[in-house]
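Peer 1: Quick one: the structure is below, questions incoming.
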Amino acid sequence: MKRIGFIGIGIMGESMVRNLMKAGYEVAVYNRTKAKADAVVAEGAVWCDCAAQCAAGRDAVITIVGYPKDVEEVYFGEGGVIANADPGTCLIDMTTTSPHLAERIYENGQKRGLRVLDAPVTGGDAGAKAGTLTILVGGDRETFESCLPLFEAMGKNICYEGKAGNGQHTKMCNQIAIAGALSGACEALAYAKAVGLDPEVMLNSISTGAAGSAQLSNVASRTLKDDYAPGFFVKHFIKDMKLAKEEAEDAGAKLGVLDYVLRMYEELEAEGMGDLGTQALLKYYER
């Protein structure tokens with residue numbers, strides 16, 4: 001498996017393509033905005049003019065795009081990946097999207113002799129650059145095992161979650177946990193400022209104890225430097241939380257913390273902060 005098609009060159013995708021090329025894979029790329037792919041094309045990736053061209057003749061096709069509607073567009077229809085990939089190709093959607101959509105891609109792919117995995121990631125832009133992403137994979141175990149070298153070029157914690165859609169369900173669990181951890185970290189910072197503590201001293205004091213978390217040390221802490229650049233966009237986190245809320249409602253689960261955090265982020269997005277990083281939640285508390 002050497003010839004890889006990669007669709008979606010954003011904050012995460014650009015670094016993932018670089019790591020695949022470093023591992024010796026031949027990578028062809030497509031992105032709706034060509035300029036976003038210019039850097040990796042200059043470094044050796046092959047540009048394709050459409051998703052169909054990127055899918056044809058590849059051993060595997062990896063996608064990581066923005067929203068479920070973008071996944072629908074990339075995979076289905078005459079110009080989509082499913083219609084244009086060669087039989088036997090492995091399709092790997094690494095977008096965080098609907099588990100139901102992942103199951104539909106799997107079912108339609110199976111009908112055309114394609115192997116399909118849903119493999120959303122966590123670890124943010126830093127993990128993508130370092131090649132240390134956690135990759136959560138759903139689909140047939142045999143397909144998962146055949147794609148392990150690909151995953152190992154992009155991540156360190158490669159987890160097989162079971163049947164198609166389970167990778168996405170596990171990513172929902174991850175986003176639910178982040179919502180609680182990040183809101184708690186931002187509340188701690190808001191409290192520290194309100195009572196006159198030095199926020200940096202406070203963070204250093206509690207981050208190695210029971211309250212410690214990646215959200216406290218690596219995300220919320222960026223606000224101390226007035227750094228709201230996106231490791232992960234507010235608008236994309238809202239998308240993920242909405243997906244988790246929908247899945248929870250379908251399963252009869254009640255997620256009070258998620259509902260509350262989602263409402264806070266939606267208010268920030270309505271105020272024009274959707275393109276900031278998720279640490280912008282602190283701005284909700286500072287208003």
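FYI, nothing fancy with the structure tokens labels: chains A, B, ... in order, residues from 1 per chain, ligands from 1 as they appear.
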Write out as a JSON list (two decimals) with C-alpha atoms, in the first residue's frame all residues of region 12-260 of chain A that DSSP puts in alpha helix (DSSP H) for this structure's backbone.

Peer 2:
[["chain", "number", "residue", "atom", "x", "y", "z"],
["A", 12, "MET", "CA", -4.76, 18.95, 10.48],
["A", 13, "GLY", "CA", -4.57, 17.58, 6.93],
["A", 14, "GLU", "CA", -1.48, 19.53, 5.89],
["A", 15, "SER", "CA", 0.65, 18.02, 8.67],
["A", 16, "MET", "CA", -0.82, 14.56, 8.16],
["A", 17, "VAL", "CA", 0.15, 14.66, 4.47],
["A", 18, "ARG", "CA", 3.69, 15.69, 5.42],
["A", 19, "ASN", "CA", 4.01, 12.77, 7.82],
["A", 20, "LEU", "CA", 2.75, 10.31, 5.20],
["A", 21, "MET", "CA", 5.32, 11.59, 2.72],
["A", 22, "LYS", "CA", 8.07, 11.34, 5.35],
["A", 38, "ASP", "CA", 0.31, 24.67, -2.31],
["A", 39, "ALA", "CA", 2.82, 24.05, 0.48],
["A", 40, "VAL", "CA", 2.55, 20.25, 0.45],
["A", 41, "VAL", "CA", 2.50, 20.18, -3.36],
["A", 42, "ALA", "CA", 5.76, 22.14, -3.33],
["A", 51, "ALA", "CA", -12.05, 14.28, -5.67],
["A", 52, "ALA", "CA", -12.68, 11.69, -8.40],
["A", 53, "GLN", "CA", -9.14, 12.08, -9.76],
["A", 54, "CYS", "CA", -7.72, 11.87, -6.25],
["A", 55, "ALA", "CA", -9.60, 8.61, -5.58],
["A", 68, "PRO", "CA", -21.00, 16.07, 7.59],
["A", 69, "LYS", "CA", -22.33, 17.84, 4.48],
["A", 70, "ASP", "CA", -18.76, 18.00, 3.17],
["A", 71, "VAL", "CA", -18.32, 14.27, 3.81],
["A", 72, "GLU", "CA", -21.55, 13.62, 1.90],
["A", 73, "GLU", "CA", -20.28, 15.69, -1.02],
["A", 74, "VAL", "CA", -16.89, 13.96, -1.13],
["A", 75, "TYR", "CA", -18.16, 10.38, -0.92],
["A", 81, "VAL", "CA", -14.92, 8.86, -3.88],
["A", 82, "ILE", "CA", -17.14, 5.78, -3.76],
["A", 83, "ALA", "CA", -18.01, 5.95, -7.47],
["A", 84, "ASN", "CA", -14.42, 6.53, -8.58],
["A", 99, "PRO", "CA", -21.73, 7.70, 13.16],
["A", 100, "HIS", "CA", -24.81, 7.05, 11.02],
["A", 101, "LEU", "CA", -23.06, 8.64, 8.03],
["A", 102, "ALA", "CA", -19.99, 6.46, 8.70],
["A", 103, "GLU", "CA", -22.20, 3.38, 8.60],
["A", 104, "ARG", "CA", -23.76, 4.51, 5.31],
["A", 105, "ILE", "CA", -20.35, 5.06, 3.71],
["A", 106, "TYR", "CA", -19.34, 1.58, 4.87],
["A", 107, "GLU", "CA", -22.47, -0.05, 3.46],
["A", 108, "ASN", "CA", -22.22, 1.73, 0.10],
["A", 109, "GLY", "CA", -18.52, 1.05, -0.14],
["A", 110, "GLN", "CA", -19.04, -2.65, 0.53],
["A", 111, "LYS", "CA", -21.45, -2.84, -2.39],
["A", 124, "GLY", "CA", -5.15, 18.84, 17.62],
["A", 125, "ASP", "CA", -2.72, 20.69, 15.40],
["A", 126, "ALA", "CA", 0.21, 19.88, 17.68],
["A", 127, "GLY", "CA", -0.48, 16.15, 17.47],
["A", 128, "ALA", "CA", -0.88, 16.34, 13.70],
["A", 129, "LYS", "CA", 2.48, 18.09, 13.33],
["A", 130, "ALA", "CA", 4.30, 15.71, 15.68],
["A", 141, "ARG", "CA", -10.65, -5.65, 11.89],
["A", 142, "GLU", "CA", -8.88, -7.14, 8.86],
["A", 143, "THR", "CA", -9.06, -3.78, 7.08],
["A", 144, "PHE", "CA", -7.88, -1.99, 10.21],
["A", 145, "GLU", "CA", -4.84, -4.25, 10.51],
["A", 146, "SER", "CA", -3.92, -3.78, 6.85],
["A", 148, "LEU", "CA", -1.93, 0.09, 10.56],
["A", 149, "PRO", "CA", 1.26, 1.29, 8.84],
["A", 150, "LEU", "CA", -0.68, 4.25, 7.41],
["A", 151, "PHE", "CA", -2.07, 5.15, 10.82],
["A", 152, "GLU", "CA", 1.33, 4.75, 12.46],
["A", 153, "ALA", "CA", 2.74, 7.38, 10.09],
["A", 154, "MET", "CA", 0.26, 9.90, 11.51],
["A", 166, "ASN", "CA", -17.71, 2.95, 16.44],
["A", 167, "GLY", "CA", -14.73, 5.17, 15.68],
["A", 168, "GLN", "CA", -17.12, 8.11, 15.43],
["A", 169, "HIS", "CA", -19.02, 7.08, 18.56],
["A", 170, "THR", "CA", -15.74, 6.99, 20.48],
["A", 171, "LYS", "CA", -14.83, 10.44, 19.15],
["A", 172, "MET", "CA", -18.19, 11.68, 20.48],
["A", 173, "CYS", "CA", -17.14, 10.39, 23.92],
["A", 174, "ASN", "CA", -13.87, 12.30, 23.56],
["A", 175, "GLN", "CA", -15.61, 15.56, 22.69],
["A", 176, "ILE", "CA", -18.10, 15.14, 25.54],
["A", 177, "ALA", "CA", -15.21, 14.71, 27.98],
["A", 178, "ILE", "CA", -13.37, 17.73, 26.54],
["A", 179, "ALA", "CA", -16.46, 19.92, 26.94],
["A", 180, "GLY", "CA", -16.51, 19.24, 30.68],
["A", 181, "ALA", "CA", -12.74, 19.50, 31.18],
["A", 182, "LEU", "CA", -12.33, 22.72, 29.20],
["A", 183, "SER", "CA", -15.29, 24.46, 30.82],
["A", 184, "GLY", "CA", -13.91, 23.49, 34.24],
["A", 185, "ALA", "CA", -10.47, 24.87, 33.33],
["A", 186, "CYS", "CA", -11.97, 28.16, 32.12],
["A", 187, "GLU", "CA", -14.11, 28.48, 35.24],
["A", 188, "ALA", "CA", -11.01, 27.96, 37.40],
["A", 189, "LEU", "CA", -9.22, 30.75, 35.51],
["A", 190, "ALA", "CA", -12.24, 33.05, 35.81],
["A", 191, "TYR", "CA", -12.42, 32.40, 39.56],
["A", 192, "ALA", "CA", -8.67, 32.99, 40.02],
["A", 193, "LYS", "CA", -8.91, 36.36, 38.29],
["A", 194, "ALA", "CA", -12.03, 37.33, 40.23],
["A", 195, "VAL", "CA", -10.41, 36.72, 43.64],
["A", 199, "PRO", "CA", -3.56, 32.87, 37.11],
["A", 200, "GLU", "CA", -0.18, 31.50, 35.99],
["A", 201, "VAL", "CA", 0.83, 30.58, 39.53],
["A", 202, "MET", "CA", -2.57, 28.97, 40.05],
["A", 203, "LEU", "CA", -2.27, 26.89, 36.88],
["A", 204, "ASN", "CA", 1.24, 25.75, 37.78],
["A", 205, "SER", "CA", 0.00, 24.83, 41.26],
["A", 206, "ILE", "CA", -2.96, 22.65, 40.30],
["A", 214, "ALA", "CA", -4.51, 18.59, 28.75],
["A", 234, "VAL", "CA", -14.83, 26.98, 18.05],
["A", 235, "LYS", "CA", -17.10, 26.42, 15.03],
["A", 236, "HIS", "CA", -15.84, 22.85, 14.58],
["A", 237, "PHE", "CA", -16.23, 22.06, 18.27],
["A", 238, "ILE", "CA", -19.82, 23.27, 18.07],
["A", 239, "LYS", "CA", -20.36, 20.90, 15.15],
["A", 240, "ASP", "CA", -18.94, 18.01, 17.17],
["A", 241, "MET", "CA", -21.01, 18.80, 20.26],
["A", 242, "LYS", "CA", -24.17, 19.00, 18.18],
["A", 243, "LEU", "CA", -23.41, 15.58, 16.69],
["A", 244, "ALA", "CA", -22.83, 14.17, 20.18],
["A", 245, "LYS", "CA", -26.07, 15.74, 21.41],
["A", 246, "GLU", "CA", -28.04, 14.21, 18.51],
["A", 247, "GLU", "CA", -26.53, 10.77, 19.06],
["A", 248, "ALA", "CA", -27.18, 10.96, 22.80],
["A", 249, "GLU", "CA", -30.81, 11.92, 22.24],
["A", 250, "ASP", "CA", -31.23, 8.99, 19.81],
["A", 251, "ALA", "CA", -29.80, 6.66, 22.45],
["A", 256, "GLY", "CA", -26.41, 18.13, 30.96],
["A", 257, "VAL", "CA", -22.83, 19.42, 30.94],
["A", 258, "LEU", "CA", -22.57, 19.06, 27.17],
["A", 259, "ASP", "CA", -25.84, 20.97, 26.68],
["A", 260, "TYR", "CA", -24.62, 23.83, 28.87]]

Peer 1: Near region 271-273 of chain A, within 12 Å and counting only C-alpha atoms, which residues show up once chain neighbours fewer than 2 positions away are dropped, as a PDB file with N, CA and C atoms, in the first residue's frame?

Peer 2:
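Everything below was put into selection26.pdb:
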ATOM      1  N   TYR A 228      -5.483  33.172  21.260  1.00  0.00           N
ATOM      2  CA  TYR A 228      -6.753  32.540  20.919  1.00  0.00           C
ATOM      3  C   TYR A 228      -6.717  31.926  19.518  1.00  0.00           C
ATOM      4  N   ALA A 229      -5.516  31.713  19.011  1.00  0.00           N
ATOM      5  CA  ALA A 229      -5.371  31.072  17.699  1.00  0.00           C
ATOM      6  C   ALA A 229      -5.891  29.641  17.770  1.00  0.00           C
ATOM      7  N   PRO A 230      -6.500  29.160  16.693  1.00  0.00           N
ATOM      8  CA  PRO A 230      -7.141  27.850  16.751  1.00  0.00           C
ATOM      9  C   PRO A 230      -6.173  26.672  16.611  1.00  0.00           C
ATOM     10  N   PHE A 233     -10.940  24.855  16.023  1.00  0.00           N
ATOM     11  CA  PHE A 233     -11.864  25.976  15.892  1.00  0.00           C
ATOM     12  C   PHE A 233     -13.094  25.819  16.799  1.00  0.00           C
ATOM     13  N   VAL A 234     -13.552  26.951  17.337  1.00  0.00           N
ATOM     14  CA  VAL A 234     -14.827  26.979  18.053  1.00  0.00           C
ATOM     15  C   VAL A 234     -15.938  26.413  17.172  1.00  0.00           C
ATOM     16  N   LYS A 235     -16.007  26.842  15.909  1.00  0.00           N
ATOM     17  CA  LYS A 235     -17.095  26.419  15.032  1.00  0.00           C
ATOM     18  C   LYS A 235     -17.084  24.913  14.804  1.00  0.00           C
ATOM     19  N   HIS A 236     -15.906  24.300  14.764  1.00  0.00           N
ATOM     20  CA  HIS A 236     -15.843  22.853  14.577  1.00  0.00           C
ATOM     21  C   HIS A 236     -16.194  22.108  15.860  1.00  0.00           C
ATOM     22  N   ILE A 238     -18.354  23.182  18.030  1.00  0.00           N
ATOM     23  CA  ILE A 238     -19.821  23.272  18.074  1.00  0.00           C
ATOM     24  C   ILE A 238     -20.430  22.166  17.215  1.00  0.00           C
ATOM     25  N   MET A 264     -23.024  27.887  25.615  1.00  0.00           N
ATOM     26  CA  MET A 264     -22.025  28.949  25.784  1.00  0.00           C
ATOM     27  C   MET A 264     -21.274  29.199  24.484  1.00  0.00           C
ATOM     28  N   TYR A 265     -20.835  28.122  23.851  1.00  0.00           N
ATOM     29  CA  TYR A 265     -20.091  28.272  22.596  1.00  0.00           C
ATOM     30  C   TYR A 265     -20.961  28.861  21.493  1.00  0.00           C
ATOM     31  N   GLU A 266     -22.220  28.495  21.448  1.00  0.00           N
ATOM     32  CA  GLU A 266     -23.107  29.047  20.425  1.00  0.00           C
ATOM     33  C   GLU A 266     -23.260  30.561  20.601  1.00  0.00           C
ATOM     34  N   GLU A 267     -23.269  31.038  21.839  1.00  0.00           N
ATOM     35  CA  GLU A 267     -23.324  32.478  22.080  1.00  0.00           C
ATOM     36  C   GLU A 267     -22.055  33.156  21.580  1.00  0.00           C
ATOM     37  N   LEU A 268     -20.899  32.524  21.810  1.00  0.00           N
ATOM     38  CA  LEU A 268     -19.640  33.087  21.323  1.00  0.00           C
ATOM     39  C   LEU A 268     -19.615  33.136  19.799  1.00  0.00           C
ATOM     40  N   GLU A 269     -20.094  32.062  19.161  1.00  0.00           N
ATOM     41  CA  GLU A 269     -20.126  32.042  17.699  1.00  0.00           C
ATOM     42  C   GLU A 269     -21.051  33.146  17.174  1.00  0.00           C
ATOM     43  N   ASP A 275     -14.174  31.431  14.584  1.00  0.00           N
ATOM     44  CA  ASP A 275     -12.866  31.077  14.028  1.00  0.00           C
ATOM     45  C   ASP A 275     -11.744  31.144  15.051  1.00  0.00           C
ATOM     46  N   LEU A 276     -12.074  31.406  16.307  1.00  0.00           N
ATOM     47  CA  LEU A 276     -11.067  31.371  17.370  1.00  0.00           C
ATOM     48  C   LEU A 276     -10.873  29.933  17.843  1.00  0.00           C
ATOM     49  N   GLY A 277      -9.834  29.722  18.633  1.00  0.00           N
ATOM     50  CA  GLY A 277      -9.613  28.411  19.231  1.00  0.00           C
ATOM     51  C   GLY A 277     -10.577  28.154  20.367  1.00  0.00           C
ATOM     52  N   THR A 278     -10.708  26.894  20.749  1.00  0.00           N
ATOM     53  CA  THR A 278     -11.687  26.527  21.780  1.00  0.00           C
ATOM     54  C   THR A 278     -11.419  27.192  23.125  1.00  0.00           C
ATOM     55  N   GLN A 279     -10.167  27.643  23.375  1.00  0.00           N
ATOM     56  CA  GLN A 279      -9.851  28.336  24.625  1.00  0.00           C
ATOM     57  C   GLN A 279     -10.605  29.650  24.752  1.00  0.00           C
ATOM     58  N   ALA A 280     -11.228  30.107  23.652  1.00  0.00           N
ATOM     59  CA  ALA A 280     -12.025  31.337  23.693  1.00  0.00           C
ATOM     60  C   ALA A 280     -13.219  31.214  24.612  1.00  0.00           C
ATOM     61  N   LEU A 281     -13.496  30.012  25.104  1.00  0.00           N
ATOM     62  CA  LEU A 281     -14.584  29.860  26.081  1.00  0.00           C
ATOM     63  C   LEU A 281     -14.364  30.767  27.284  1.00  0.00           C
ATOM     64  N   LEU A 282     -13.105  31.079  27.609  1.00  0.00           N
ATOM     65  CA  LEU A 282     -12.841  31.974  28.732  1.00  0.00           C
ATOM     66  C   LEU A 282     -13.514  33.328  28.524  1.00  0.00           C
ATOM     67  N   LYS A 283     -13.637  33.761  27.280  1.00  0.00           N
ATOM     68  CA  LYS A 283     -14.262  35.051  26.997  1.00  0.00           C
ATOM     69  C   LYS A 283     -15.725  35.055  27.450  1.00  0.00           C
ATOM     70  N   TYR A 284     -16.377  33.895  27.453  1.00  0.00           N
ATOM     71  CA  TYR A 284     -17.748  33.828  27.938  1.00  0.00           C
ATOM     72  C   TYR A 284     -17.812  34.223  29.405  1.00  0.00           C
ATOM     73  N   ARG A 287     -17.143  38.159  30.252  1.00  0.00           N
ATOM     74  CA  ARG A 287     -18.050  39.210  29.811  1.00  0.00           C
ATOM     75  C   ARG A 287     -18.715  39.884  30.999  1.00  0.00           C
TER      76      ARG A 287
END

Peer 1: From region 45-278 of chain A, collect each residue whose DSSP state is strand (DSSP E) and return the set as an MDAnalysis selection string.

Peer 2: chainID A and resid 46:47 60:63 90:93 115:118 121:122 133:139 155:162

Peer 1: Export N, CA and C atoms of the chosen residues as a PDB file, in the first residue's frame?

Peer 2:
ATOM      1  N   VAL A  46       1.221  15.314  -5.054  1.00  0.00           N
ATOM      2  CA  VAL A  46       0.717  15.504  -6.414  1.00  0.00           C
ATOM      3  C   VAL A  46      -0.676  16.115  -6.360  1.00  0.00           C
ATOM      4  N   TRP A  47      -0.869  17.232  -7.028  1.00  0.00           N
ATOM      5  CA  TRP A  47      -2.169  17.902  -7.028  1.00  0.00           C
ATOM      6  C   TRP A  47      -3.146  17.204  -7.962  1.00  0.00           C
ATOM      7  N   ALA A  60      -5.282   3.583  -1.063  1.00  0.00           N
ATOM      8  CA  ALA A  60      -6.143   4.074   0.019  1.00  0.00           C
ATOM      9  C   ALA A  60      -6.474   5.529  -0.250  1.00  0.00           C
ATOM     10  N   VAL A  61      -7.649   5.939   0.186  1.00  0.00           N
ATOM     11  CA  VAL A  61      -8.065   7.337   0.087  1.00  0.00           C
ATOM     12  C   VAL A  61      -8.436   7.803   1.491  1.00  0.00           C
ATOM     13  N   ILE A  62      -7.784   8.861   1.942  1.00  0.00           N
ATOM     14  CA  ILE A  62      -8.023   9.433   3.264  1.00  0.00           C
ATOM     15  C   ILE A  62      -8.742  10.759   3.095  1.00  0.00           C
ATOM     16  N   THR A  63      -9.779  10.977   3.890  1.00  0.00           N
ATOM     17  CA  THR A  63     -10.491  12.256   3.863  1.00  0.00           C
ATOM     18  C   THR A  63     -10.532  12.838   5.264  1.00  0.00           C
ATOM     19  N   CYS A  90      -8.987   1.057   0.020  1.00  0.00           N
ATOM     20  CA  CYS A  90      -9.450   1.320   1.382  1.00  0.00           C
ATOM     21  C   CYS A  90      -9.808   2.799   1.505  1.00  0.00           C
ATOM     22  N   LEU A  91     -11.037   3.077   1.910  1.00  0.00           N
ATOM     23  CA  LEU A  91     -11.503   4.441   2.141  1.00  0.00           C
ATOM     24  C   LEU A  91     -11.481   4.717   3.637  1.00  0.00           C
ATOM     25  N   ILE A  92     -10.793   5.782   4.031  1.00  0.00           N
ATOM     26  CA  ILE A  92     -10.628   6.098   5.451  1.00  0.00           C
ATOM     27  C   ILE A  92     -11.091   7.522   5.694  1.00  0.00           C
ATOM     28  N   ASP A  93     -12.255   7.678   6.321  1.00  0.00           N
ATOM     29  CA  ASP A  93     -12.724   9.019   6.651  1.00  0.00           C
ATOM     30  C   ASP A  93     -12.254   9.371   8.052  1.00  0.00           C
ATOM     31  N   ARG A 115     -13.105  -1.272   0.760  1.00  0.00           N
ATOM     32  CA  ARG A 115     -12.936  -1.461   2.199  1.00  0.00           C
ATOM     33  C   ARG A 115     -13.048  -0.101   2.871  1.00  0.00           C
ATOM     34  N   VAL A 116     -13.784  -0.010   3.969  1.00  0.00           N
ATOM     35  CA  VAL A 116     -14.106   1.299   4.536  1.00  0.00           C
ATOM     36  C   VAL A 116     -13.843   1.328   6.038  1.00  0.00           C
ATOM     37  N   LEU A 117     -13.190   2.392   6.485  1.00  0.00           N
ATOM     38  CA  LEU A 117     -12.953   2.627   7.913  1.00  0.00           C
ATOM     39  C   LEU A 117     -13.372   4.052   8.263  1.00  0.00           C
ATOM     40  N   ASP A 118     -13.962   4.238   9.445  1.00  0.00           N
ATOM     41  CA  ASP A 118     -14.107   5.575  10.001  1.00  0.00           C
ATOM     42  C   ASP A 118     -13.024   5.707  11.072  1.00  0.00           C
ATOM     43  N   VAL A 121      -9.784  11.559  14.559  1.00  0.00           N
ATOM     44  CA  VAL A 121      -8.551  11.729  15.326  1.00  0.00           C
ATOM     45  C   VAL A 121      -8.748  12.720  16.464  1.00  0.00           C
ATOM     46  N   THR A 122      -7.854  12.656  17.437  1.00  0.00           N
ATOM     47  CA  THR A 122      -7.775  13.668  18.477  1.00  0.00           C
ATOM     48  C   THR A 122      -6.306  13.923  18.773  1.00  0.00           C
ATOM     49  N   LEU A 133      -0.997  11.753  16.856  1.00  0.00           N
ATOM     50  CA  LEU A 133      -2.448  11.750  16.992  1.00  0.00           C
ATOM     51  C   LEU A 133      -2.948  10.447  17.615  1.00  0.00           C
ATOM     52  N   THR A 134      -4.055  10.543  18.333  1.00  0.00           N
ATOM     53  CA  THR A 134      -4.832   9.361  18.699  1.00  0.00           C
ATOM     54  C   THR A 134      -5.836   9.131  17.579  1.00  0.00           C
ATOM     55  N   ILE A 135      -5.889   7.906  17.074  1.00  0.00           N
ATOM     56  CA  ILE A 135      -6.759   7.582  15.940  1.00  0.00           C
ATOM     57  C   ILE A 135      -7.738   6.500  16.370  1.00  0.00           C
ATOM     58  N   LEU A 136      -9.028   6.788  16.231  1.00  0.00           N
ATOM     59  CA  LEU A 136     -10.109   5.944  16.735  1.00  0.00           C
ATOM     60  C   LEU A 136     -10.803   5.290  15.545  1.00  0.00           C
ATOM     61  N   VAL A 137     -10.653   3.980  15.395  1.00  0.00           N
ATOM     62  CA  VAL A 137     -11.011   3.336  14.127  1.00  0.00           C
ATOM     63  C   VAL A 137     -12.180   2.367  14.268  1.00  0.00           C
ATOM     64  N   GLY A 138     -13.170   2.542  13.387  1.00  0.00           N
ATOM     65  CA  GLY A 138     -14.283   1.606  13.274  1.00  0.00           C
ATOM     66  C   GLY A 138     -14.292   0.965  11.901  1.00  0.00           C
ATOM     67  N   GLY A 139     -14.753  -0.285  11.835  1.00  0.00           N
ATOM     68  CA  GLY A 139     -14.796  -1.018  10.573  1.00  0.00           C
ATOM     69  C   GLY A 139     -14.343  -2.449  10.787  1.00  0.00           C
ATOM     70  N   GLY A 155      -0.004   8.832  13.700  1.00  0.00           N
ATOM     71  CA  GLY A 155      -0.370   8.841  15.108  1.00  0.00           C
ATOM     72  C   GLY A 155       0.407   7.840  15.927  1.00  0.00           C
ATOM     73  N   LYS A 156       0.207   7.892  17.235  1.00  0.00           N
ATOM     74  CA  LYS A 156       0.896   6.994  18.166  1.00  0.00           C
ATOM     75  C   LYS A 156      -0.068   6.070  18.909  1.00  0.00           C
ATOM     76  N   ASN A 157      -1.254   6.577  19.219  1.00  0.00           N
ATOM     77  CA  ASN A 157      -2.242   5.775  19.949  1.00  0.00           C
ATOM     78  C   ASN A 157      -3.320   5.356  18.951  1.00  0.00           C
ATOM     79  N   ILE A 158      -3.164   4.161  18.376  1.00  0.00           N
ATOM     80  CA  ILE A 158      -4.065   3.686  17.324  1.00  0.00           C
ATOM     81  C   ILE A 158      -5.025   2.678  17.946  1.00  0.00           C
ATOM     82  N   CYS A 159      -6.303   3.007  17.962  1.00  0.00           N
ATOM     83  CA  CYS A 159      -7.266   2.214  18.734  1.00  0.00           C
ATOM     84  C   CYS A 159      -8.350   1.637  17.825  1.00  0.00           C
ATOM     85  N   TYR A 160      -8.501   0.310  17.855  1.00  0.00           N
ATOM     86  CA  TYR A 160      -9.589  -0.322  17.107  1.00  0.00           C
ATOM     87  C   TYR A 160     -10.823  -0.357  18.007  1.00  0.00           C
ATOM     88  N   GLU A 161     -11.909   0.246  17.545  1.00  0.00           N
ATOM     89  CA  GLU A 161     -13.100   0.418  18.378  1.00  0.00           C
ATOM     90  C   GLU A 161     -14.229  -0.555  18.053  1.00  0.00           C
ATOM     91  N   GLY A 162     -14.088  -1.330  16.966  1.00  0.00           N
ATOM     92  CA  GLY A 162     -15.143  -2.270  16.610  1.00  0.00           C
ATOM     93  C   GLY A 162     -15.763  -1.939  15.266  1.00  0.00           C
TER      94      GLY A 162
END

Peer 1: Between CA of Arg112 (chain A) and CA of Thr89 (chain A), what distance in Å does the model show, to one decimal?

Peer 2: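 That distance, rounded to one decimal, is 9.9 Å.
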
Peer 1: CA of Gln215 (chain A) and CA of Asp198 (chain A), how far apart in Å?

Peer 2: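 Between CA of Asp198 (chain A) and CA of Gln215 (chain A) the gap is 18.7 Å.
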
Peer 1: Provide the CA of Phe6 (chain A) to CA of Asn218 (chain A) distance in Å, to one decimal place.

Peer 2: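 Separation of CA of Phe6 (chain A) and CA of Asn218 (chain A): 28.6 Å.
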